[in-house]
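data-v6.pdb, holding PDB, C-alpha atoms, pLDDT in the B column:
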MODEL        1
ATOM      1  CA  ARG A   1     -70.336 -54.517 -87.509  1.00 84.00           C
ATOM      2  CA  GLU A   2     -69.634 -53.856 -91.168  1.00 87.00           C
ATOM      3  CA  GLY A   3     -65.888 -53.620 -90.540  1.00 86.00           C
ATOM      4  CA  PHE A   4     -65.954 -56.941 -88.704  1.00 86.00           C
ATOM      5  CA  ARG A   5     -67.991 -58.567 -91.478  1.00 87.00           C
ATOM      6  CA  TYR A   6     -65.528 -57.223 -94.057  1.00 88.00           C
ATOM      7  CA  LEU A   7     -62.550 -58.744 -92.225  1.00 86.00           C
ATOM      8  CA  TRP A   8     -64.158 -61.997 -91.057  1.00 87.00           C
ATOM      9  CA  GLY A   9     -63.522 -63.984 -94.233  1.00 81.00           C
ATOM     10  CA  TRP A  10     -60.000 -62.624 -94.648  1.00 87.00           C
ATOM     11  CA  SER A  11     -57.822 -65.026 -92.657  1.00 84.00           C
ATOM     12  CA  GLY A  12     -54.588 -63.055 -93.087  1.00 86.00           C
ATOM     13  CA  ALA A  13     -56.140 -59.869 -91.745  1.00 86.00           C
ATOM     14  CA  MET A  14     -57.738 -61.698 -88.834  1.00 87.00           C
ATOM     15  CA  ALA A  15     -54.395 -63.325 -87.967  1.00 88.00           C
ATOM     16  CA  LEU A  16     -52.635 -59.948 -88.101  1.00 87.00           C
ATOM     17  CA  ILE A  17     -55.287 -58.346 -85.882  1.00 87.00           C
ATOM     18  CA  GLY A  18     -55.142 -61.266 -83.439  1.00 88.00           C
ATOM     19  CA  ALA A  19     -51.371 -61.037 -83.204  1.00 88.00           C
ATOM     20  CA  ALA A  20     -51.535 -57.258 -82.712  1.00 86.00           C
ATOM     21  CA  LEU A  21     -54.044 -57.700 -79.898  1.00 89.00           C
ATOM     22  CA  ILE A  22     -51.878 -60.269 -78.131  1.00 89.00           C
ATOM     23  CA  PHE A  23     -48.911 -57.920 -78.541  1.00 87.00           C
ATOM     24  CA  LYS A  24     -50.862 -55.010 -77.045  1.00 88.00           C
ATOM     25  CA  VAL A  25     -52.324 -57.113 -74.200  1.00 90.00           C
ATOM     26  CA  ALA A  26     -48.781 -58.044 -73.183  1.00 88.00           C
ATOM     27  CA  LEU A  27     -47.028 -54.742 -73.897  1.00 89.00           C
ATOM     28  CA  THR A  28     -49.414 -52.178 -72.410  1.00 89.00           C
ATOM     29  CA  PRO A  29     -49.059 -53.497 -68.846  1.00 90.00           C
ATOM     30  CA  ALA A  30     -45.283 -53.576 -69.211  1.00 90.00           C
ATOM     31  CA  PHE A  31     -45.256 -49.805 -69.724  1.00 89.00           C
ATOM     32  CA  SER A  32     -47.653 -49.362 -66.802  1.00 91.00           C
ATOM     33  CA  LEU A  33     -45.410 -51.458 -64.567  1.00 94.00           C
ATOM     34  CA  VAL A  34     -42.197 -49.534 -65.320  1.00 95.00           C
ATOM     35  CA  PRO A  35     -42.571 -47.195 -62.307  1.00 96.00           C
ATOM     36  CA  LEU A  36     -42.943 -50.220 -60.024  1.00 94.00           C
ATOM     37  CA  LEU A  37     -40.021 -51.963 -61.728  1.00 95.00           C
ATOM     38  CA  VAL A  38     -37.820 -48.907 -61.191  1.00 97.00           C
ATOM     39  CA  ARG A  39     -38.804 -48.576 -57.535  1.00 96.00           C
ATOM     40  CA  ALA A  40     -39.203 -52.185 -56.421  1.00 94.00           C
ATOM     41  CA  HIS A  41     -36.537 -53.923 -58.501  1.00 95.00           C
ATOM     42  CA  PHE A  42     -33.907 -51.314 -59.280  1.00 97.00           C
ATOM     43  CA  GLY A  43     -34.414 -49.322 -56.068  1.00 96.00           C
ATOM     44  CA  GLY A  44     -34.684 -46.109 -58.043  1.00 97.00           C
ATOM     45  CA  GLY A  45     -36.944 -43.134 -57.849  1.00 97.00           C
ATOM     46  CA  ALA A  46     -38.288 -40.348 -60.003  1.00 97.00           C
ATOM     47  CA  PRO A  47     -34.937 -39.500 -61.674  1.00 98.00           C
ATOM     48  CA  GLN A  48     -34.393 -43.098 -62.810  1.00 98.00           C
ATOM     49  CA  LEU A  49     -37.981 -43.379 -64.041  1.00 97.00           C
ATOM     50  CA  ALA A  50     -37.636 -40.094 -65.906  1.00 98.00           C
ATOM     51  CA  LEU A  51     -34.422 -41.361 -67.491  1.00 98.00           C
ATOM     52  CA  LEU A  52     -36.049 -44.616 -68.661  1.00 97.00           C
ATOM     53  CA  ASP A  53     -39.090 -42.776 -70.001  1.00 96.00           C
ATOM     54  CA  SER A  54     -36.857 -40.301 -71.822  1.00 98.00           C
ATOM     55  CA  VAL A  55     -34.765 -43.061 -73.348  1.00 98.00           C
ATOM     56  CA  VAL A  56     -37.906 -44.859 -74.577  1.00 97.00           C
ATOM     57  CA  GLY A  57     -39.085 -41.567 -76.095  1.00 97.00           C
ATOM     58  CA  ILE A  58     -35.749 -41.015 -77.820  1.00 98.00           C
ATOM     59  CA  GLY A  59     -35.910 -44.571 -79.159  1.00 98.00           C
ATOM     60  CA  LEU A  60     -39.461 -43.993 -80.436  1.00 98.00           C
ATOM     61  CA  LEU A  61     -38.417 -40.793 -82.160  1.00 98.00           C
ATOM     62  CA  LEU A  62     -35.328 -42.345 -83.756  1.00 98.00           C
ATOM     63  CA  GLY A  63     -37.229 -45.478 -84.760  1.00 98.00           C
ATOM     64  CA  GLY A  64     -39.955 -43.403 -86.380  1.00 97.00           C
ATOM     65  CA  LEU A  65     -37.392 -41.278 -88.203  1.00 98.00           C
ATOM     66  CA  ALA A  66     -35.496 -44.365 -89.349  1.00 97.00           C
ATOM     67  CA  LEU A  67     -38.691 -45.970 -90.645  1.00 97.00           C
ATOM     68  CA  SER A  68     -39.714 -42.782 -92.461  1.00 96.00           C
ATOM     69  CA  VAL A  69     -36.309 -42.476 -94.150  1.00 97.00           C
ATOM     70  CA  TRP A  70     -35.830 -46.176 -94.855  1.00 97.00           C
ATOM     71  CA  GLY A  71     -39.445 -47.093 -95.550  1.00 94.00           C
ATOM     72  CA  GLY A  72     -39.055 -50.621 -94.259  1.00 95.00           C
ATOM     73  CA  PHE A  73     -38.651 -53.820 -96.194  1.00 96.00           C
ATOM     74  CA  LYS A  74     -40.493 -54.134 -99.488  1.00 94.00           C
ATOM     75  CA  ARG A  75     -42.795 -56.657 -97.829  1.00 94.00           C
ATOM     76  CA  LYS A  76     -44.138 -54.651 -94.903  1.00 94.00           C
ATOM     77  CA  VAL A  77     -44.822 -57.757 -92.867  1.00 92.00           C
ATOM     78  CA  TYR A  78     -41.064 -58.335 -92.588  1.00 96.00           C
ATOM     79  CA  THR A  79     -40.608 -54.892 -91.064  1.00 97.00           C
ATOM     80  CA  LEU A  80     -43.495 -55.660 -88.721  1.00 95.00           C
ATOM     81  CA  LEU A  81     -41.921 -58.964 -87.673  1.00 94.00           C
ATOM     82  CA  MET A  82     -38.544 -57.303 -87.134  1.00 97.00           C
ATOM     83  CA  GLY A  83     -40.215 -54.735 -84.885  1.00 96.00           C
ATOM     84  CA  VAL A  84     -42.158 -57.320 -82.898  1.00 94.00           C
ATOM     85  CA  ILE A  85     -39.070 -59.485 -82.423  1.00 96.00           C
ATOM     86  CA  GLY A  86     -37.011 -56.433 -81.451  1.00 97.00           C
ATOM     87  CA  VAL A  87     -39.587 -55.318 -78.885  1.00 96.00           C
ATOM     88  CA  GLY A  88     -39.816 -58.879 -77.579  1.00 94.00           C
ATOM     89  CA  ILE A  89     -36.056 -59.113 -77.159  1.00 96.00           C
ATOM     90  CA  GLY A  90     -35.906 -55.720 -75.434  1.00 96.00           C
ATOM     91  CA  VAL A  91     -38.731 -56.562 -73.037  1.00 95.00           C
ATOM     92  CA  THR A  92     -37.279 -60.001 -72.275  1.00 95.00           C
ATOM     93  CA  ILE A  93     -33.845 -58.557 -71.559  1.00 96.00           C
ATOM     94  CA  THR A  94     -35.473 -55.987 -69.266  1.00 96.00           C
ATOM     95  CA  GLY A  95     -37.088 -58.826 -67.347  1.00 93.00           C
ATOM     96  CA  PHE A  96     -33.771 -60.564 -66.750  1.00 96.00           C
ATOM     97  CA  ILE A  97     -31.633 -57.563 -65.797  1.00 97.00           C
ATOM     98  CA  PRO A  98     -30.288 -57.884 -62.241  1.00 97.00           C
ATOM     99  CA  ALA A  99     -31.207 -55.157 -59.761  1.00 96.00           C
ATOM    100  CA  ASP A 100     -27.687 -53.711 -59.704  1.00 96.00           C
ATOM    101  CA  MET A 101     -27.510 -53.201 -63.504  1.00 97.00           C
ATOM    102  CA  PHE A 102     -29.891 -50.299 -64.058  1.00 97.00           C
ATOM    103  CA  PHE A 103     -27.658 -49.027 -66.868  1.00 96.00           C
ATOM    104  CA  ALA A 104     -28.496 -52.183 -68.845  1.00 97.00           C
ATOM    105  CA  ALA A 105     -32.188 -51.352 -68.502  1.00 97.00           C
ATOM    106  CA  ILE A 106     -31.461 -48.048 -70.205  1.00 97.00           C
ATOM    107  CA  GLY A 107     -30.143 -49.953 -73.217  1.00 98.00           C
ATOM    108  CA  SER A 108     -32.999 -52.443 -73.303  1.00 97.00           C
ATOM    109  CA  VAL A 109     -35.732 -49.793 -73.139  1.00 97.00           C
ATOM    110  CA  PHE A 110     -33.979 -47.884 -75.916  1.00 98.00           C
ATOM    111  CA  VAL A 111     -34.261 -50.999 -78.095  1.00 98.00           C
ATOM    112  CA  ILE A 112     -37.949 -51.274 -77.181  1.00 97.00           C
ATOM    113  CA  GLY A 113     -38.568 -47.661 -78.152  1.00 97.00           C
ATOM    114  CA  LEU A 114     -36.585 -48.020 -81.373  1.00 98.00           C
ATOM    115  CA  MET A 115     -38.520 -51.111 -82.452  1.00 97.00           C
ATOM    116  CA  ILE A 116     -42.095 -50.006 -81.606  1.00 95.00           C
ATOM    117  CA  PRO A 117     -42.429 -47.860 -84.778  1.00 97.00           C
ATOM    118  CA  MET A 118     -41.141 -50.810 -86.792  1.00 96.00           C
ATOM    119  CA  ALA A 119     -43.985 -52.907 -85.373  1.00 93.00           C
ATOM    120  CA  ASP A 120     -46.780 -50.319 -85.386  1.00 91.00           C
ATOM    121  CA  GLY A 121     -46.087 -48.455 -88.630  1.00 92.00           C
ATOM    122  CA  PRO A 122     -46.358 -51.348 -91.070  1.00 93.00           C
ATOM    123  CA  ILE A 123     -49.705 -52.514 -89.677  1.00 88.00           C
ATOM    124  CA  MET A 124     -51.364 -49.298 -90.753  1.00 86.00           C
ATOM    125  CA  ALA A 125     -49.586 -49.346 -94.117  1.00 89.00           C
ATOM    126  CA  ILE A 126     -50.668 -52.933 -94.725  1.00 89.00           C
ATOM    127  CA  PHE A 127     -54.310 -52.182 -93.960  1.00 88.00           C
ATOM    128  CA  GLN A 128     -54.310 -48.904 -95.890  1.00 90.00           C
ATOM    129  CA  SER A 129     -52.983 -50.649 -98.985  1.00 90.00           C
ATOM    130  CA  THR A 130     -55.246 -53.711 -98.806  1.00 89.00           C
ATOM    131  CA  VAL A 131     -58.589 -52.580 -97.351  1.00 91.00           C
ATOM    132  CA  ALA A 132     -61.003 -51.084 -99.865  1.00 91.00           C
ATOM    133  CA  PRO A 133     -61.097 -47.283 -99.448  1.00 93.00           C
ATOM    134  CA  GLU A 134     -64.831 -47.253 -98.733  1.00 93.00           C
ATOM    135  CA  MET A 135     -64.293 -49.722 -95.838  1.00 91.00           C
ATOM    136  CA  GLN A 136     -61.198 -48.170 -94.270  1.00 92.00           C
ATOM    137  CA  GLY A 137     -63.117 -46.000 -91.796  1.00 92.00           C
ATOM    138  CA  ARG A 138     -65.101 -48.973 -90.520  1.00 92.00           C
ATOM    139  CA  VAL A 139     -62.071 -51.255 -90.377  1.00 91.00           C
ATOM    140  CA  PHE A 140     -59.881 -48.663 -88.621  1.00 90.00           C
ATOM    141  CA  ALA A 141     -62.672 -47.915 -86.146  1.00 91.00           C
ATOM    142  CA  LEU A 142     -62.865 -51.647 -85.384  1.00 89.00           C
ATOM    143  CA  LEU A 143     -59.084 -51.840 -84.977  1.00 88.00           C
ATOM    144  CA  GLY A 144     -59.063 -48.825 -82.670  1.00 88.00           C
ATOM    145  CA  SER A 145     -61.826 -50.315 -80.542  1.00 90.00           C
ATOM    146  CA  LEU A 146     -60.088 -53.666 -80.263  1.00 88.00           C
ATOM    147  CA  ILE A 147     -56.752 -52.059 -79.385  1.00 86.00           C
ATOM    148  CA  SER A 148     -58.490 -49.914 -76.750  1.00 88.00           C
ATOM    149  CA  LEU A 149     -60.090 -53.024 -75.291  1.00 88.00           C
ATOM    150  CA  SER A 150     -56.729 -54.779 -75.076  1.00 87.00           C
ATOM    151  CA  SER A 151     -55.336 -52.258 -72.561  1.00 85.00           C
ATOM    152  CA  PRO A 152     -57.740 -52.899 -69.665  1.00 91.00           C
ATOM    153  CA  LEU A 153     -57.670 -56.608 -70.395  1.00 92.00           C
ATOM    154  CA  GLY A 154     -53.878 -56.671 -70.216  1.00 92.00           C
ATOM    155  CA  LEU A 155     -53.853 -54.615 -67.033  1.00 91.00           C
ATOM    156  CA  ALA A 156     -56.456 -56.877 -65.430  1.00 93.00           C
ATOM    157  CA  ILE A 157     -54.208 -59.858 -66.102  1.00 93.00           C
ATOM    158  CA  ALA A 158     -50.878 -58.184 -65.305  1.00 93.00           C
ATOM    159  CA  GLY A 159     -51.900 -56.901 -61.884  1.00 90.00           C
ATOM    160  CA  PRO A 160     -52.572 -60.285 -60.274  1.00 94.00           C
ATOM    161  CA  VAL A 161     -49.700 -61.971 -62.147  1.00 93.00           C
ATOM    162  CA  SER A 162     -47.228 -59.300 -61.020  1.00 92.00           C
ATOM    163  CA  ASP A 163     -48.542 -59.377 -57.445  1.00 91.00           C
ATOM    164  CA  ARG A 164     -48.170 -63.144 -57.303  1.00 94.00           C
ATOM    165  CA  PHE A 165     -44.896 -63.670 -59.182  1.00 93.00           C
ATOM    166  CA  GLY A 166     -43.156 -60.292 -59.118  1.00 90.00           C
ATOM    167  CA  ILE A 167     -43.026 -57.382 -61.524  1.00 91.00           C
ATOM    168  CA  GLN A 168     -40.158 -58.736 -63.591  1.00 90.00           C
ATOM    169  CA  ILE A 169     -42.122 -61.811 -64.620  1.00 90.00           C
ATOM    170  CA  TRP A 170     -44.400 -59.677 -66.769  1.00 88.00           C
ATOM    171  CA  PHE A 171     -41.402 -58.484 -68.744  1.00 88.00           C
TER     172      PHE A 171
ENDMDL
END
Write out the structure in this file as structure tokens.
Amino acid sequence: REGFRYLWGWSGAMALIGAALIFKVALTPAFSLVPLLVRAHFGGGAPQLALLDSVVGIGLLLGGLALSVWGGFKRKVYTLLMGVIGVGIGVTITGFIPADMFFAAIGSVFVIGLMIPMADGPIMAIFQSTVAPEMQGRVFALLGSLISLSSPLGLAIAGPVSDRFGIQIWF
């Protein structure tokens, strides 16, 4: 409650949290739907899924290393926006890849993995540098709770949407 009260009057923080929640509501189901995408759309199996998961992991690792070496733009929100746009482009491309071009999916999921640290890292840095130290525990607990809530909400929406319109539509 105290974390929420602290953030309530801070429109920039509320906008950032709202955008992060929308991002997580949309992105979490995409990762959950990858096995179905591999099987139903690309006609693949466990080896193809393992390859995509590995490529995402390599992208995450390289993106995290790049962010730690580079540090991001001076204004962290620009790094955040670059990451969100990069993830959005990667996910959108994945949604449009024809069934016979699995190799292109490898490239698009690499981009997604590479850009996720660029989107996630700056959020924490922004809040750590702007939230009063005595409120950080409450604010981060609130953020963690909201992010955790976004996963089941996204999955509850993605299931029926994907059943009705196909798995690729979610991407």
- Note on the structure: As a check of understanding: the span from atom CA of A:Gly90 to atom CA of A:Leu142 is 29.0 Å
- Message: My list of candidates is A:Gly107, A:Pro98, A:Gly18, A:Gly9. Which is closest to A:Asp53 when distances are computed with only C-alpha atoms?
- Response: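 Nearest to A:Asp53: A:Gly107.
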- Message: Around (-48.6, -54.2, -75.3), as given in the file, which residues come within 12 Å? Count all atoms listed in the file and list them as a count of residues only.
- Response: 35
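Pairwise distance (atom CA of A:Tyr78, atom CA of A:Gly121) equals 11.8 Å.
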- Task: Considering all atoms listed in the file, state which residue in the set A:Gly3, A:Gly63, A:Gly113, A:Gly159 is at the smallest distance from A:Phe140.
- Result: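 The closest residue to A:Phe140 is A:Gly3.
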- Report the residues retrieved by the PyMOL selection byres ((chain A and resi 55) around 12) from the displayed file, expressed as a list in words.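 Applied to this file, the PyMOL selection byres ((chain A and resi 55) around 12) selects Gln48, Leu49, Ala50, Leu51, Leu52, Asp53, Ser54, Val56, Gly57, Ile58, Gly59, Leu60, Leu61, Leu62, Gly63, Phe103, Ala104, Ala105, Ile106, Gly107, Ser108, Val109, Phe110, Val111, Ile112, Gly113 and Leu114 of chain A.
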- Top pick for closest residue to A:Leu67, considering A:Leu81, A:Pro122, A:Gly95, A:Phe102 and counting only C-alpha atoms: A:Pro122
- Query: How far is it from atom CA of A:Ala141 to atom CA of A:Met118, in Å with one decimal?
  - Reply: 21.7 Å
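For the residues A:Phe96, A:Ile89, A:Arg75, A:Leu146, ranking by smallest atom-to-atom distance to A:Ser129 using only C-alpha atoms places A:Arg75 first.
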Generate the missing atoms of stretch 67-85 of chain A up to N, CA, C and O atoms and report them as a short mmCIF file (atom, residue, chain, number, x, y, z; two decimals), keeping the file's coordinate frame.
data_model
loop_
_atom_site.label_atom_id
_atom_site.label_comp_id
_atom_site.auth_asym_id
_atom_site.auth_seq_id
_atom_site.Cartn_x
_atom_site.Cartn_y
_atom_site.Cartn_z
N LEU A 67 -37.68 -45.35 -89.79
CA LEU A 67 -38.69 -45.97 -90.64
C LEU A 67 -39.15 -45.03 -91.75
O LEU A 67 -39.34 -45.45 -92.89
N SER A 68 -39.28 -43.73 -91.43
CA SER A 68 -39.71 -42.78 -92.46
C SER A 68 -38.65 -42.58 -93.54
O SER A 68 -38.99 -42.41 -94.71
N VAL A 69 -37.39 -42.63 -93.17
CA VAL A 69 -36.31 -42.48 -94.15
C VAL A 69 -36.12 -43.77 -94.95
O VAL A 69 -36.03 -43.76 -96.17
N TRP A 70 -36.09 -44.89 -94.24
CA TRP A 70 -35.83 -46.18 -94.86
C TRP A 70 -37.07 -46.70 -95.58
O TRP A 70 -36.96 -47.24 -96.68
N GLY A 71 -38.21 -46.59 -94.96
CA GLY A 71 -39.44 -47.09 -95.55
C GLY A 71 -39.75 -48.54 -95.23
O GLY A 71 -40.80 -49.04 -95.57
N GLY A 72 -38.83 -49.21 -94.59
CA GLY A 72 -39.06 -50.62 -94.26
C GLY A 72 -38.74 -51.54 -95.42
O GLY A 72 -38.40 -51.10 -96.52
N PHE A 73 -38.86 -52.82 -95.15
CA PHE A 73 -38.65 -53.82 -96.19
C PHE A 73 -39.76 -53.71 -97.24
O PHE A 73 -40.85 -53.21 -96.94
N LYS A 74 -39.49 -54.19 -98.42
CA LYS A 74 -40.49 -54.13 -99.49
C LYS A 74 -41.78 -54.83 -99.04
O LYS A 74 -42.87 -54.33 -99.28
N ARG A 75 -41.64 -55.97 -98.42
CA ARG A 75 -42.80 -56.66 -97.83
C ARG A 75 -42.94 -56.14 -96.41
O ARG A 75 -42.14 -56.46 -95.54
N LYS A 76 -43.94 -55.34 -96.19
CA LYS A 76 -44.14 -54.65 -94.90
C LYS A 76 -44.22 -55.61 -93.72
O LYS A 76 -43.83 -55.27 -92.61
N VAL A 77 -44.69 -56.80 -93.96
CA VAL A 77 -44.82 -57.76 -92.87
C VAL A 77 -43.45 -58.12 -92.30
O VAL A 77 -43.33 -58.42 -91.11
N TYR A 78 -42.41 -58.06 -93.10
CA TYR A 78 -41.06 -58.34 -92.59
C TYR A 78 -40.60 -57.24 -91.63
O TYR A 78 -39.95 -57.51 -90.62
N THR A 79 -40.93 -56.00 -91.97
CA THR A 79 -40.61 -54.89 -91.06
C THR A 79 -41.38 -55.06 -89.76
O THR A 79 -40.83 -54.87 -88.67
N LEU A 80 -42.64 -55.41 -89.89
CA LEU A 80 -43.50 -55.66 -88.72
C LEU A 80 -42.91 -56.76 -87.84
O LEU A 80 -42.78 -56.60 -86.62
N LEU A 81 -42.52 -57.86 -88.44
CA LEU A 81 -41.92 -58.96 -87.67
C LEU A 81 -40.61 -58.55 -87.01
O LEU A 81 -40.36 -58.92 -85.86
N MET A 82 -39.79 -57.79 -87.72
CA MET A 82 -38.54 -57.30 -87.13
C MET A 82 -38.85 -56.45 -85.90
O MET A 82 -38.20 -56.59 -84.86
N GLY A 83 -39.85 -55.58 -86.01
CA GLY A 83 -40.22 -54.74 -84.88
C GLY A 83 -40.74 -55.53 -83.71
O GLY A 83 -40.35 -55.29 -82.55
N VAL A 84 -41.60 -56.50 -83.97
CA VAL A 84 -42.16 -57.32 -82.90
C VAL A 84 -41.06 -58.13 -82.22
O VAL A 84 -41.01 -58.21 -80.98
N ILE A 85 -40.18 -58.71 -83.00
CA ILE A 85 -39.07 -59.48 -82.42
C ILE A 85 -38.15 -58.57 -81.63
O ILE A 85 -37.71 -58.91 -80.53
#
